[in-house]
There are 2 protein chains.
Amino acid sequence: MQRVFNFAAGPAALPESVLQSAAAEMLNYGQTGMSVMEMSHRSSDFERIIEEAEADLRQLTNMPDDYEVLFLQGGGSLQFAMIPINLMKNGKADYIHTGSWTKKAIEEARRYGDVKVLASSEDGNFSYIPDCSDLPVREDADYVYICENNTIFGTKYCELPYTKGKPLVADLSSCMLSEPLDISRYGLIFAGAQKNLGPAGVTLVIIRKDLISDELPVFAPTMLSYKTHAKAGSLYNTPPCYNIYMLGKVLRWIGELGGLEAMKVRNLEKARLLYDFLDGSSLFKGTVRKRDRSLMNVTFVTGNADMDKKFSAYAEARGLVNLKGHRSVGGMRASIYNAMPIEGVKALVSCLEDFERENG
Amino acid sequence: MQRVFNFAAGPAALPESVLQSAAAEMLNYGQTGMSVMEMSHRSSDFERIIEEAEADLRQLTNMPDDYEVLFLQGGGSLQFAMIPINLMKNGKADYIHTGSWTKKAIEEARRYGDVKVLASSEDGNFSYIPDCSDLPVREDADYVYICENNTIFGTKYCELPYTKGKPLVADLSSCMLSEPLDISRYGLIFAGAQKNLGPAGVTLVIIRKDLISDELPVFAPTMLSYKTHAKAGSLYNTPPCYNIYMLGKVLRWIGELGGLEAMKVRNLEKARLLYDFLDGSSLFKGTVRKRDRSLMNVTFVTGNADMDKKFSAYAEARGLVNLKGHRSVGGMRASIYNAMPIEGVKALVSCLEDFERENG
């Protein structure tokens, strides 16, 4: 049985060489005589794993020294609470609403303070990114929040919003490390690992050090304070060690392929293949305004739910799996994260062409 | 290079056959053509993995139907907050203090209400379990909290405390599934996986359904409500999929060895070998009152810090690793969880005998 091309939105495909290396080391990592899963998080061997992961991330992103790297648990959903609990000093935050994930983030933040929605693309079923050139950011807002790439709707900011000096807080779960980024433009970045970074169970947080607060509301659990984890180098309690080890392997793999510039070239080529096909197709069409198209999540429809379903089954028979779109958009979604090889996208385009010829 | 005998307190040794099976499935699980790490948590394949893990756990423990099983993130440290946030309806909880982990649990619970310490063994550096036959449990206490096995100090309750009808909340992180247990005696059980259940990054919670509250304090994050996870079958957001898969493999392994009765026989035999040696030794001695000795974490000293250090190095040279005791007890600690084979304990006893002969 061969491996399939897996277009799942997350958890998603991982580089095959990373999986091979993990399998080879499963019973005996290095000279330790044990699996990384069996290793004390206080051991020098594990400390080296987590330190190398952080060092590789800093190098890949050219991270300025005034940013802290945290490896946390709880996914994006826990960040939706940690961000307002830790960052809302004035009790006010401004959000840009671009889909299901910002909806959840906004609802959670409203438990902790006054949330203003600066702009929204809900009127167009989130098929575009709102104009962010002159947002009504509040003078006393603690931060401005965006979801930079919307996994479900297939949109991405082609430029970051102007926040009038307020810290930009950004959910990069589905685009982190897909191309170069300027960390200094953000106050806080978070990303669940399970799309572009590794297996589910670890959440990467990058936070500007001056935003790490000493004083939190009395109700804030110790585990939900960024300070707790920053002080302990993400080892306040037992971290998800194996997940961090895998994330480290993915970072190393990105570096070996040439870093974020190389990722961008690779991702642009993959996305262009697919969008060019869609733009020329008489059967399939993309669902997102062109300038706001995601490089990672390509959403498209035939306009006929039965035909969409038929296509998904047709593709699956060729080993191209998890192409069904999210129920709120319908149609198809091809998630083509860093780990998806160009061969997978070429196979998908061939499949789309064949299906169109047979059903057009 | 051979595998070592790993006496770490957690993350700790896993069954070798479990690791072998995980390695073999790393690139292609079943007929899926992908790794479990690459699998959508909403896929039927992953749903089967999590459902089987729960079913196996229910069978192994004879779990009554009025208990919910949750697979969460954040470790015991997050439970220290979730328990009072979810269970303190009267704002009062009673704790028994038996070491470092109850200290942390007590401190965290004090953020949310009035905590009374019913009994403590701090006066004896936690080398025993306090008398719990007639505790001054408060009439309006929401629950009584214990740590059933104390990883650091090597103590374990030989019988559960009488709680006068209040729900018993118990941290079983370091003894879960080491022997049969009567779930119906508990209101809530939690256990970080990384000692007896699997890799770090997933926390098992078993909660009596009537204790799952609809109404939480307004500040309670959605992710910290047991209700959130119970309603969604632990799939409210992306769970730590691979960690749950490994936990499921460990549960299956326990079942194959004969279940919890067989584990108890095996663990008693291992612990007796070690304690019998210690009781007869002129160089080494156990640190815990006999009736309160843990079957999982065996703490012992020579009484001489240099000699302790010399022994740890001596053992390590024989492939018996991570025997250094926690800094708050000193000496040595042999954690002999379910996955530690009897051969490992026999090798340790031989090593102790040889060292004693050479240094006695």
# chains A, B, ... in the order shown; residues from 1 in each chain; ligands from 1
>>> interface_residues(of="chain B", to="chain A", cutoff="8 Å", atoms="only C-alpha atoms", output="PDB file with N, CA, C and O atoms, in the first residue's frame")
ATOM      1  N   MET B   1      23.633  -0.404  19.607  1.00  0.00           N
ATOM      2  CA  MET B   1      23.316   0.148  20.944  1.00  0.00           C
ATOM      3  C   MET B   1      22.000  -0.438  21.439  1.00  0.00           C
ATOM      4  O   MET B   1      20.977  -0.424  20.769  1.00  0.00           O
ATOM      5  N   GLN B   2      22.052  -0.949  22.674  1.00  0.00           N
ATOM      6  CA  GLN B   2      20.867  -1.546  23.274  1.00  0.00           C
ATOM      7  C   GLN B   2      19.996  -0.499  23.944  1.00  0.00           C
ATOM      8  O   GLN B   2      20.448   0.583  24.260  1.00  0.00           O
ATOM      9  N   ARG B   3      18.764  -0.901  24.210  1.00  0.00           N
ATOM     10  CA  ARG B   3      17.907  -0.052  25.031  1.00  0.00           C
ATOM     11  C   ARG B   3      18.309  -0.201  26.501  1.00  0.00           C
ATOM     12  O   ARG B   3      18.732  -1.259  26.944  1.00  0.00           O
ATOM     13  N   VAL B   4      18.170   0.893  27.227  1.00  0.00           N
ATOM     14  CA  VAL B   4      18.505   0.891  28.656  1.00  0.00           C
ATOM     15  C   VAL B   4      17.272   0.507  29.478  1.00  0.00           C
ATOM     16  O   VAL B   4      16.153   0.443  28.958  1.00  0.00           O
ATOM     17  N   ASN B   6      15.044   2.219  31.989  1.00  0.00           N
ATOM     18  CA  ASN B   6      14.832   3.637  32.275  1.00  0.00           C
ATOM     19  C   ASN B   6      13.911   3.788  33.487  1.00  0.00           C
ATOM     20  O   ASN B   6      12.714   3.522  33.396  1.00  0.00           O
ATOM     21  N   ALA B   8      13.088   6.549  34.998  1.00  0.00           N
ATOM     22  CA  ALA B   8      12.641   7.940  35.117  1.00  0.00           C
ATOM     23  C   ALA B   8      11.218   8.010  35.680  1.00  0.00           C
ATOM     24  O   ALA B   8      10.391   7.135  35.451  1.00  0.00           O
ATOM     25  N   ALA B   9      10.958   9.103  36.403  1.00  0.00           N
ATOM     26  CA  ALA B   9       9.674   9.287  37.097  1.00  0.00           C
ATOM     27  C   ALA B   9       8.572   9.768  36.161  1.00  0.00           C
ATOM     28  O   ALA B   9       7.396   9.738  36.526  1.00  0.00           O
ATOM     29  N   GLY B  10       8.948  10.224  34.989  1.00  0.00           N
ATOM     30  CA  GLY B  10       7.945  10.645  34.016  1.00  0.00           C
ATOM     31  C   GLY B  10       8.355  11.941  33.369  1.00  0.00           C
ATOM     32  O   GLY B  10       8.703  12.855  34.100  1.00  0.00           O
ATOM     33  N   PRO B  11       8.289  12.008  32.012  1.00  0.00           N
ATOM     34  CA  PRO B  11       8.028  10.923  31.079  1.00  0.00           C
ATOM     35  C   PRO B  11       8.897   9.701  31.400  1.00  0.00           C
ATOM     36  O   PRO B  11      10.023   9.849  31.860  1.00  0.00           O
ATOM     37  N   ALA B  12       8.324   8.539  31.141  1.00  0.00           N
ATOM     38  CA  ALA B  12       8.913   7.295  31.629  1.00  0.00           C
ATOM     39  C   ALA B  12       8.880   6.220  30.545  1.00  0.00           C
ATOM     40  O   ALA B  12       8.365   6.432  29.448  1.00  0.00           O
ATOM     41  N   ALA B  13       9.427   5.070  30.903  1.00  0.00           N
ATOM     42  CA  ALA B  13       9.513   3.952  29.967  1.00  0.00           C
ATOM     43  C   ALA B  13       8.135   3.575  29.408  1.00  0.00           C
ATOM     44  O   ALA B  13       7.130   3.620  30.111  1.00  0.00           O
ATOM     45  N   LEU B  14       8.109   3.192  28.148  1.00  0.00           N
ATOM     46  CA  LEU B  14       6.899   2.666  27.503  1.00  0.00           C
ATOM     47  C   LEU B  14       7.166   1.221  27.101  1.00  0.00           C
ATOM     48  O   LEU B  14       8.323   0.834  26.913  1.00  0.00           O
ATOM     49  N   GLU B  16       8.034  -1.853  25.062  1.00  0.00           N
ATOM     50  CA  GLU B  16       8.806  -1.912  23.824  1.00  0.00           C
ATOM     51  C   GLU B  16       7.929  -2.321  22.642  1.00  0.00           C
ATOM     52  O   GLU B  16       8.076  -1.795  21.533  1.00  0.00           O
ATOM     53  N   LEU B  19       6.130   0.668  21.236  1.00  0.00           N
ATOM     54  CA  LEU B  19       6.994   1.522  20.416  1.00  0.00           C
ATOM     55  C   LEU B  19       7.268   0.880  19.059  1.00  0.00           C
ATOM     56  O   LEU B  19       7.267   1.561  18.022  1.00  0.00           O
ATOM     57  N   GLN B  20       7.469  -0.437  19.060  1.00  0.00           N
ATOM     58  CA  GLN B  20       7.715  -1.133  17.787  1.00  0.00           C
ATOM     59  C   GLN B  20       6.521  -1.000  16.849  1.00  0.00           C
ATOM     60  O   GLN B  20       6.660  -0.743  15.657  1.00  0.00           O
ATOM     61  N   ALA B  22       4.247   1.357  16.894  1.00  0.00           N
ATOM     62  CA  ALA B  22       4.134   2.752  16.435  1.00  0.00           C
ATOM     63  C   ALA B  22       5.127   3.039  15.316  1.00  0.00           C
ATOM     64  O   ALA B  22       4.798   3.717  14.334  1.00  0.00           O
ATOM     65  N   ALA B  23       6.338   2.522  15.458  1.00  0.00           N
ATOM     66  CA  ALA B  23       7.353   2.741  14.419  1.00  0.00           C
ATOM     67  C   ALA B  23       6.910   2.114  13.102  1.00  0.00           C
ATOM     68  O   ALA B  23       7.033   2.711  12.031  1.00  0.00           O
ATOM     69  N   ALA B  24       6.358   0.893  13.202  1.00  0.00           N
ATOM     70  CA  ALA B  24       5.944   0.178  11.983  1.00  0.00           C
ATOM     71  C   ALA B  24       4.800   0.901  11.275  1.00  0.00           C
ATOM     72  O   ALA B  24       4.678   0.840  10.054  1.00  0.00           O
ATOM     73  N   MET B  26       4.282   4.204  11.342  1.00  0.00           N
ATOM     74  CA  MET B  26       4.545   5.644  11.272  1.00  0.00           C
ATOM     75  C   MET B  26       4.209   6.262   9.912  1.00  0.00           C
ATOM     76  O   MET B  26       3.663   7.358   9.833  1.00  0.00           O
ATOM     77  N   LEU B  27       4.528   5.582   8.829  1.00  0.00           N
ATOM     78  CA  LEU B  27       4.284   6.178   7.512  1.00  0.00           C
ATOM     79  C   LEU B  27       2.941   5.786   6.912  1.00  0.00           C
ATOM     80  O   LEU B  27       2.492   6.390   5.937  1.00  0.00           O
ATOM     81  N   ASN B  28       2.331   4.768   7.489  1.00  0.00           N
ATOM     82  CA  ASN B  28       1.091   4.273   6.881  1.00  0.00           C
ATOM     83  C   ASN B  28       0.306   3.488   7.922  1.00  0.00           C
ATOM     84  O   ASN B  28       0.624   2.338   8.209  1.00  0.00           O
ATOM     85  N   GLN B  31      -4.852   0.909   6.456  1.00  0.00           N
ATOM     86  CA  GLN B  31      -4.941   1.051   5.001  1.00  0.00           C
ATOM     87  C   GLN B  31      -5.107   2.513   4.595  1.00  0.00           C
ATOM     88  O   GLN B  31      -5.614   2.811   3.510  1.00  0.00           O
ATOM     89  N   THR B  32      -4.698   3.435   5.466  1.00  0.00           N
ATOM     90  CA  THR B  32      -5.007   4.846   5.198  1.00  0.00           C
ATOM     91  C   THR B  32      -4.024   5.529   4.267  1.00  0.00           C
ATOM     92  O   THR B  32      -4.326   6.576   3.702  1.00  0.00           O
ATOM     93  N   GLY B  33      -2.815   4.980   4.144  1.00  0.00           N
ATOM     94  CA  GLY B  33      -1.802   5.649   3.316  1.00  0.00           C
ATOM     95  C   GLY B  33      -1.206   6.880   3.974  1.00  0.00           C
ATOM     96  O   GLY B  33      -0.561   7.696   3.314  1.00  0.00           O
ATOM     97  N   MET B  34      -1.423   7.033   5.272  1.00  0.00           N
ATOM     98  CA  MET B  34      -0.840   8.185   5.974  1.00  0.00           C
ATOM     99  C   MET B  34      -0.525   7.828   7.424  1.00  0.00           C
ATOM    100  O   MET B  34      -0.993   6.812   7.940  1.00  0.00           O
ATOM    101  N   SER B  35       0.281   8.686   8.056  1.00  0.00           N
ATOM    102  CA  SER B  35       0.586   8.528   9.479  1.00  0.00           C
ATOM    103  C   SER B  35      -0.613   8.987  10.305  1.00  0.00           C
ATOM    104  O   SER B  35      -1.388   9.840   9.865  1.00  0.00           O
ATOM    105  N   MET B  37      -0.314  10.911  12.620  1.00  0.00           N
ATOM    106  CA  MET B  37      -0.027  12.342  12.825  1.00  0.00           C
ATOM    107  C   MET B  37      -0.597  13.220  11.721  1.00  0.00           C
ATOM    108  O   MET B  37      -0.725  14.424  11.892  1.00  0.00           O
ATOM    109  N   GLU B  38      -0.891  12.619  10.582  1.00  0.00           N
ATOM    110  CA  GLU B  38      -1.348  13.391   9.412  1.00  0.00           C
ATOM    111  C   GLU B  38      -2.859  13.312   9.239  1.00  0.00           C
ATOM    112  O   GLU B  38      -3.410  13.845   8.272  1.00  0.00           O
ATOM    113  N   MET B  39      -3.511  12.660  10.149  1.00  0.00           N
ATOM    114  CA  MET B  39      -4.905  12.280   9.996  1.00  0.00           C
ATOM    115  C   MET B  39      -5.827  13.341  10.592  1.00  0.00           C
ATOM    116  O   MET B  39      -5.602  13.792  11.709  1.00  0.00           O
ATOM    117  N   SER B  40      -6.845  13.734   9.861  1.00  0.00           N
ATOM    118  CA  SER B  40      -7.823  14.671  10.409  1.00  0.00           C
ATOM    119  C   SER B  40      -8.459  14.080  11.662  1.00  0.00           C
ATOM    120  O   SER B  40      -8.811  12.903  11.695  1.00  0.00           O
ATOM    121  N   HIS B  41      -8.616  14.932  12.684  1.00  0.00           N
ATOM    122  CA  HIS B  41      -9.265  14.454  13.912  1.00  0.00           C
ATOM    123  C   HIS B  41     -10.751  14.217  13.690  1.00  0.00           C
ATOM    124  O   HIS B  41     -11.411  13.644  14.545  1.00  0.00           O
ATOM    125  N   GLN B  73      -5.647  18.443  27.292  1.00  0.00           N
ATOM    126  CA  GLN B  73      -4.268  18.929  27.233  1.00  0.00           C
ATOM    127  C   GLN B  73      -3.940  19.705  28.520  1.00  0.00           C
ATOM    128  O   GLN B  73      -4.823  20.024  29.296  1.00  0.00           O
ATOM    129  N   GLY B  74      -2.677  20.001  28.708  1.00  0.00           N
ATOM    130  CA  GLY B  74      -2.271  20.893  29.796  1.00  0.00           C
ATOM    131  C   GLY B  74      -1.731  20.199  31.036  1.00  0.00           C
ATOM    132  O   GLY B  74      -1.277  20.871  31.960  1.00  0.00           O
ATOM    133  N   GLY B  75      -1.818  18.869  31.087  1.00  0.00           N
ATOM    134  CA  GLY B  75      -1.226  18.139  32.210  1.00  0.00           C
ATOM    135  C   GLY B  75      -1.981  18.327  33.515  1.00  0.00           C
ATOM    136  O   GLY B  75      -3.020  18.988  33.573  1.00  0.00           O
ATOM    137  N   SER B  77      -1.072  20.142  35.882  1.00  0.00           N
ATOM    138  CA  SER B  77      -1.025  21.550  36.293  1.00  0.00           C
ATOM    139  C   SER B  77      -2.249  22.323  35.830  1.00  0.00           C
ATOM    140  O   SER B  77      -2.699  23.238  36.519  1.00  0.00           O
ATOM    141  N   LEU B  78      -2.792  21.982  34.683  1.00  0.00           N
ATOM    142  CA  LEU B  78      -4.012  22.673  34.263  1.00  0.00           C
ATOM    143  C   LEU B  78      -5.229  22.138  35.022  1.00  0.00           C
ATOM    144  O   LEU B  78      -6.160  22.881  35.324  1.00  0.00           O
ATOM    145  N   ALA B  81      -6.245  23.988  38.153  1.00  0.00           N
ATOM    146  CA  ALA B  81      -7.171  25.118  38.004  1.00  0.00           C
ATOM    147  C   ALA B  81      -8.562  24.655  37.558  1.00  0.00           C
ATOM    148  O   ALA B  81      -9.577  25.147  38.043  1.00  0.00           O
ATOM    149  N   GLU B 108      -3.189  26.688  43.726  1.00  0.00           N
ATOM    150  CA  GLU B 108      -4.004  27.087  42.580  1.00  0.00           C
ATOM    151  C   GLU B 108      -5.478  27.188  42.984  1.00  0.00           C
ATOM    152  O   GLU B 108      -6.170  28.130  42.593  1.00  0.00           O
ATOM    153  N   ARG B 111      -6.918  30.395  44.476  1.00  0.00           N
ATOM    154  CA  ARG B 111      -7.316  31.515  43.617  1.00  0.00           C
ATOM    155  C   ARG B 111      -8.825  31.543  43.423  1.00  0.00           C
ATOM    156  O   ARG B 111      -9.372  32.555  43.004  1.00  0.00           O
ATOM    157  N   TYR B 112      -9.469  30.423  43.638  1.00  0.00           N
ATOM    158  CA  TYR B 112     -10.888  30.300  43.264  1.00  0.00           C
ATOM    159  C   TYR B 112     -11.826  30.122  44.440  1.00  0.00           C
ATOM    160  O   TYR B 112     -13.037  30.120  44.265  1.00  0.00           O
ATOM    161  N   PRO B 199       2.695   8.848  26.099  1.00  0.00           N
ATOM    162  CA  PRO B 199       3.623   9.982  26.047  1.00  0.00           C
ATOM    163  C   PRO B 199       3.008  11.239  26.670  1.00  0.00           C
ATOM    164  O   PRO B 199       1.783  11.369  26.741  1.00  0.00           O
ATOM    165  N   ALA B 200       3.824  12.169  27.095  1.00  0.00           N
ATOM    166  CA  ALA B 200       3.360  13.461  27.603  1.00  0.00           C
ATOM    167  C   ALA B 200       2.553  14.183  26.527  1.00  0.00           C
ATOM    168  O   ALA B 200       2.811  14.026  25.334  1.00  0.00           O
ATOM    169  N   GLY B 201       1.576  14.977  26.979  1.00  0.00           N
ATOM    170  CA  GLY B 201       0.806  15.788  26.040  1.00  0.00           C
ATOM    171  C   GLY B 201      -0.671  15.456  26.031  1.00  0.00           C
ATOM    172  O   GLY B 201      -1.450  16.137  25.374  1.00  0.00           O
ATOM    173  N   VAL B 202      -1.057  14.419  26.758  1.00  0.00           N
ATOM    174  CA  VAL B 202      -2.488  14.129  26.908  1.00  0.00           C
ATOM    175  C   VAL B 202      -2.740  13.810  28.386  1.00  0.00           C
ATOM    176  O   VAL B 202      -1.915  13.171  29.045  1.00  0.00           O
ATOM    177  N   VAL B 218     -18.067  33.455  35.067  1.00  0.00           N
ATOM    178  CA  VAL B 218     -17.997  34.165  33.784  1.00  0.00           C
ATOM    179  C   VAL B 218     -16.562  34.214  33.242  1.00  0.00           C
ATOM    180  O   VAL B 218     -16.347  34.256  32.034  1.00  0.00           O
ATOM    181  N   PHE B 219     -15.573  34.171  34.136  1.00  0.00           N
ATOM    182  CA  PHE B 219     -14.189  34.272  33.680  1.00  0.00           C
ATOM    183  C   PHE B 219     -13.642  32.956  33.144  1.00  0.00           C
ATOM    184  O   PHE B 219     -12.523  32.899  32.647  1.00  0.00           O
ATOM    185  N   PRO B 221     -12.477  30.212  30.926  1.00  0.00           N
ATOM    186  CA  PRO B 221     -12.282  30.006  29.486  1.00  0.00           C
ATOM    187  C   PRO B 221     -13.062  28.779  28.986  1.00  0.00           C
ATOM    188  O   PRO B 221     -13.160  27.781  29.712  1.00  0.00           O
ATOM    189  N   THR B 222     -13.596  28.867  27.801  1.00  0.00           N
ATOM    190  CA  THR B 222     -14.346  27.762  27.192  1.00  0.00           C
ATOM    191  C   THR B 222     -13.556  26.461  27.253  1.00  0.00           C
ATOM    192  O   THR B 222     -14.101  25.395  27.541  1.00  0.00           O
ATOM    193  N   MET B 223     -12.260  26.547  27.009  1.00  0.00           N
ATOM    194  CA  MET B 223     -11.412  25.354  26.969  1.00  0.00           C
ATOM    195  C   MET B 223     -11.186  24.759  28.355  1.00  0.00           C
ATOM    196  O   MET B 223     -10.663  23.659  28.474  1.00  0.00           O
ATOM    197  N   ASN B 237     -11.875  20.940  19.989  1.00  0.00           N
ATOM    198  CA  ASN B 237     -10.886  21.433  19.021  1.00  0.00           C
ATOM    199  C   ASN B 237      -9.938  20.264  18.723  1.00  0.00           C
ATOM    200  O   ASN B 237     -10.164  19.143  19.178  1.00  0.00           O
ATOM    201  N   THR B 238      -8.898  20.526  17.945  1.00  0.00           N
ATOM    202  CA  THR B 238      -8.007  19.424  17.577  1.00  0.00           C
ATOM    203  C   THR B 238      -7.334  18.873  18.831  1.00  0.00           C
ATOM    204  O   THR B 238      -6.620  19.610  19.512  1.00  0.00           O
ATOM    205  N   PRO B 239      -7.547  17.620  19.144  1.00  0.00           N
ATOM    206  CA  PRO B 239      -6.894  17.054  20.326  1.00  0.00           C
ATOM    207  C   PRO B 239      -5.464  16.626  19.976  1.00  0.00           C
ATOM    208  O   PRO B 239      -5.070  16.666  18.805  1.00  0.00           O
ATOM    209  N   PRO B 240      -4.680  16.224  20.973  1.00  0.00           N
ATOM    210  CA  PRO B 240      -3.338  15.707  20.688  1.00  0.00           C
ATOM    211  C   PRO B 240      -3.470  14.286  20.140  1.00  0.00           C
ATOM    212  O   PRO B 240      -3.333  13.297  20.864  1.00  0.00           O
ATOM    213  N   CYS B 241      -3.744  14.194  18.847  1.00  0.00           N
ATOM    214  CA  CYS B 241      -4.181  12.927  18.228  1.00  0.00           C
ATOM    215  C   CYS B 241      -3.167  11.797  18.421  1.00  0.00           C
ATOM    216  O   CYS B 241      -3.533  10.680  18.781  1.00  0.00           O
ATOM    217  N   TYR B 242      -1.906  12.102  18.136  1.00  0.00           N
ATOM    218  CA  TYR B 242      -0.917  11.023  18.183  1.00  0.00           C
ATOM    219  C   TYR B 242      -0.726  10.535  19.614  1.00  0.00           C
ATOM    220  O   TYR B 242      -0.546   9.337  19.858  1.00  0.00           O
ATOM    221  N   ASN B 243      -0.786  11.448  20.568  1.00  0.00           N
ATOM    222  CA  ASN B 243      -0.636  11.083  21.974  1.00  0.00           C
ATOM    223  C   ASN B 243      -1.783  10.172  22.404  1.00  0.00           C
ATOM    224  O   ASN B 243      -1.578   9.214  23.156  1.00  0.00           O
TER     225      ASN B 243
END
>>> residues_around(residues="Thr155 (chain A)", least_positions_apart="6", cutoff="10 Å", atoms="only C-alpha atoms", output="PDB file with N, CA and C atoms, in the first residue's frame")
ATOM      1  N   THR A  98     -12.929  37.652   9.880  1.00  0.00           N
ATOM      2  CA  THR A  98     -12.778  37.088   8.527  1.00  0.00           C
ATOM      3  C   THR A  98     -13.176  35.618   8.449  1.00  0.00           C
ATOM      4  N   GLY A  99     -13.917  35.117   9.453  1.00  0.00           N
ATOM      5  CA  GLY A  99     -14.366  33.724   9.323  1.00  0.00           C
ATOM      6  C   GLY A  99     -14.620  33.053  10.653  1.00  0.00           C
ATOM      7  N   PHE A 126     -17.265  35.646   3.759  1.00  0.00           N
ATOM      8  CA  PHE A 126     -15.823  35.618   4.068  1.00  0.00           C
ATOM      9  C   PHE A 126     -14.964  35.228   2.856  1.00  0.00           C
ATOM     10  N   SER A 127     -15.448  35.606   1.667  1.00  0.00           N
ATOM     11  CA  SER A 127     -14.713  35.251   0.448  1.00  0.00           C
ATOM     12  C   SER A 127     -13.659  36.294   0.097  1.00  0.00           C
ATOM     13  N   TYR A 128     -13.473  37.274   0.978  1.00  0.00           N
ATOM     14  CA  TYR A 128     -12.447  38.296   0.730  1.00  0.00           C
ATOM     15  C   TYR A 128     -11.927  38.814   2.072  1.00  0.00           C
ATOM     16  N   ILE A 129     -10.847  39.558   2.030  1.00  0.00           N
ATOM     17  CA  ILE A 129     -10.296  40.222   3.218  1.00  0.00           C
ATOM     18  C   ILE A 129     -10.736  41.689   3.174  1.00  0.00           C
ATOM     19  N   CYS A 147      -6.784  36.957  11.897  1.00  0.00           N
ATOM     20  CA  CYS A 147      -6.414  35.602  11.482  1.00  0.00           C
ATOM     21  C   CYS A 147      -5.819  35.765  10.086  1.00  0.00           C
ATOM     22  N   GLU A 148      -4.524  35.547   9.957  1.00  0.00           N
ATOM     23  CA  GLU A 148      -3.833  35.963   8.728  1.00  0.00           C
ATOM     24  C   GLU A 148      -4.192  35.096   7.523  1.00  0.00           C
ATOM     25  N   ASN A 149      -4.398  33.816   7.776  1.00  0.00           N
ATOM     26  CA  ASN A 149      -4.819  32.907   6.694  1.00  0.00           C
ATOM     27  C   ASN A 149      -6.023  32.130   7.204  1.00  0.00           C
ATOM     28  N   THR A 287     -13.375  30.207  -5.046  1.00  0.00           N
ATOM     29  CA  THR A 287     -14.437  30.907  -4.305  1.00  0.00           C
ATOM     30  C   THR A 287     -13.968  32.239  -3.718  1.00  0.00           C
ATOM     31  N   VAL A 288     -12.691  32.567  -3.892  1.00  0.00           N
ATOM     32  CA  VAL A 288     -12.117  33.722  -3.187  1.00  0.00           C
ATOM     33  C   VAL A 288     -11.709  34.808  -4.176  1.00  0.00           C
ATOM     34  N   ARG A 289     -11.869  36.066  -3.786  1.00  0.00           N
ATOM     35  CA  ARG A 289     -11.394  37.189  -4.583  1.00  0.00           C
ATOM     36  C   ARG A 289      -9.900  37.025  -4.848  1.00  0.00           C
ATOM     37  N   LYS A 290      -9.489  37.248  -6.093  1.00  0.00           N
ATOM     38  CA  LYS A 290      -8.129  36.852  -6.488  1.00  0.00           C
ATOM     39  C   LYS A 290      -7.028  37.393  -5.591  1.00  0.00           C
ATOM     40  N   ARG A 291      -7.078  38.671  -5.243  1.00  0.00           N
ATOM     41  CA  ARG A 291      -5.960  39.246  -4.481  1.00  0.00           C
ATOM     42  C   ARG A 291      -5.865  38.673  -3.065  1.00  0.00           C
ATOM     43  N   ASP A 292      -6.949  38.063  -2.597  1.00  0.00           N
ATOM     44  CA  ASP A 292      -6.973  37.550  -1.219  1.00  0.00           C
ATOM     45  C   ASP A 292      -6.814  36.034  -1.134  1.00  0.00           C
ATOM     46  N   ARG A 293      -6.437  35.419  -2.231  1.00  0.00           N
ATOM     47  CA  ARG A 293      -6.334  33.963  -2.256  1.00  0.00           C
ATOM     48  C   ARG A 293      -5.211  33.441  -1.363  1.00  0.00           C
ATOM     49  N   SER A 294      -5.517  32.413  -0.625  1.00  0.00           N
ATOM     50  CA  SER A 294      -4.528  31.743   0.221  1.00  0.00           C
ATOM     51  C   SER A 294      -3.594  30.902  -0.633  1.00  0.00           C
ATOM     52  N   LEU A 295      -2.328  30.856  -0.221  1.00  0.00           N
ATOM     53  CA  LEU A 295      -1.386  29.929  -0.869  1.00  0.00           C
ATOM     54  C   LEU A 295      -1.497  28.529  -0.278  1.00  0.00           C
ATOM     55  N   MET A 296      -2.169  28.425   0.843  1.00  0.00           N
ATOM     56  CA  MET A 296      -2.185  27.166   1.597  1.00  0.00           C
ATOM     57  C   MET A 296      -3.491  26.387   1.433  1.00  0.00           C
ATOM     58  N   ASN A 297      -4.615  27.102   1.387  1.00  0.00           N
ATOM     59  CA  ASN A 297      -5.923  26.448   1.334  1.00  0.00           C
ATOM     60  C   ASN A 297      -6.655  26.959   0.116  1.00  0.00           C
ATOM     61  N   VAL A 298      -6.776  26.105  -0.889  1.00  0.00           N
ATOM     62  CA  VAL A 298      -7.368  26.507  -2.164  1.00  0.00           C
ATOM     63  C   VAL A 298      -8.803  25.969  -2.206  1.00  0.00           C
ATOM     64  N   THR A 299      -9.764  26.892  -2.143  1.00  0.00           N
ATOM     65  CA  THR A 299     -11.181  26.491  -2.100  1.00  0.00           C
ATOM     66  C   THR A 299     -11.806  26.684  -3.475  1.00  0.00           C
TER      67      THR A 299
END
>>> residues_around(residues="Thr163 (chain A)", least_positions_apart="5", cutoff="8 Å", atoms="only C-alpha atoms", output="ChimeraX atom specification")
/A:135,137,144,168
>>> residues_around(residues="Asp66 (chain B)", least_positions_apart="3", cutoff="9 Å", atoms="only C-alpha atoms", output="list of chain:residue names")
B:Met63, B:Ile207, B:Arg208, B:Lys209, B:Asp210
>>> atom_distance(atom1="CA of Asn196 (chain A)", atom2="CA of Val345 (chain A)")
16.5 Å
>>> atom_distance(atom1="CA of Gly113 (chain A)", atom2="CA of Ser184 (chain A)")
26.2 Å
>>> select_by_dssp(residues="region 177-351 of chain A", states="alpha helix (DSSP H)", output="VMD selection string")
chain A and resid 226 to 231 241 to 256 259 to 280 305 to 317 342 to 351
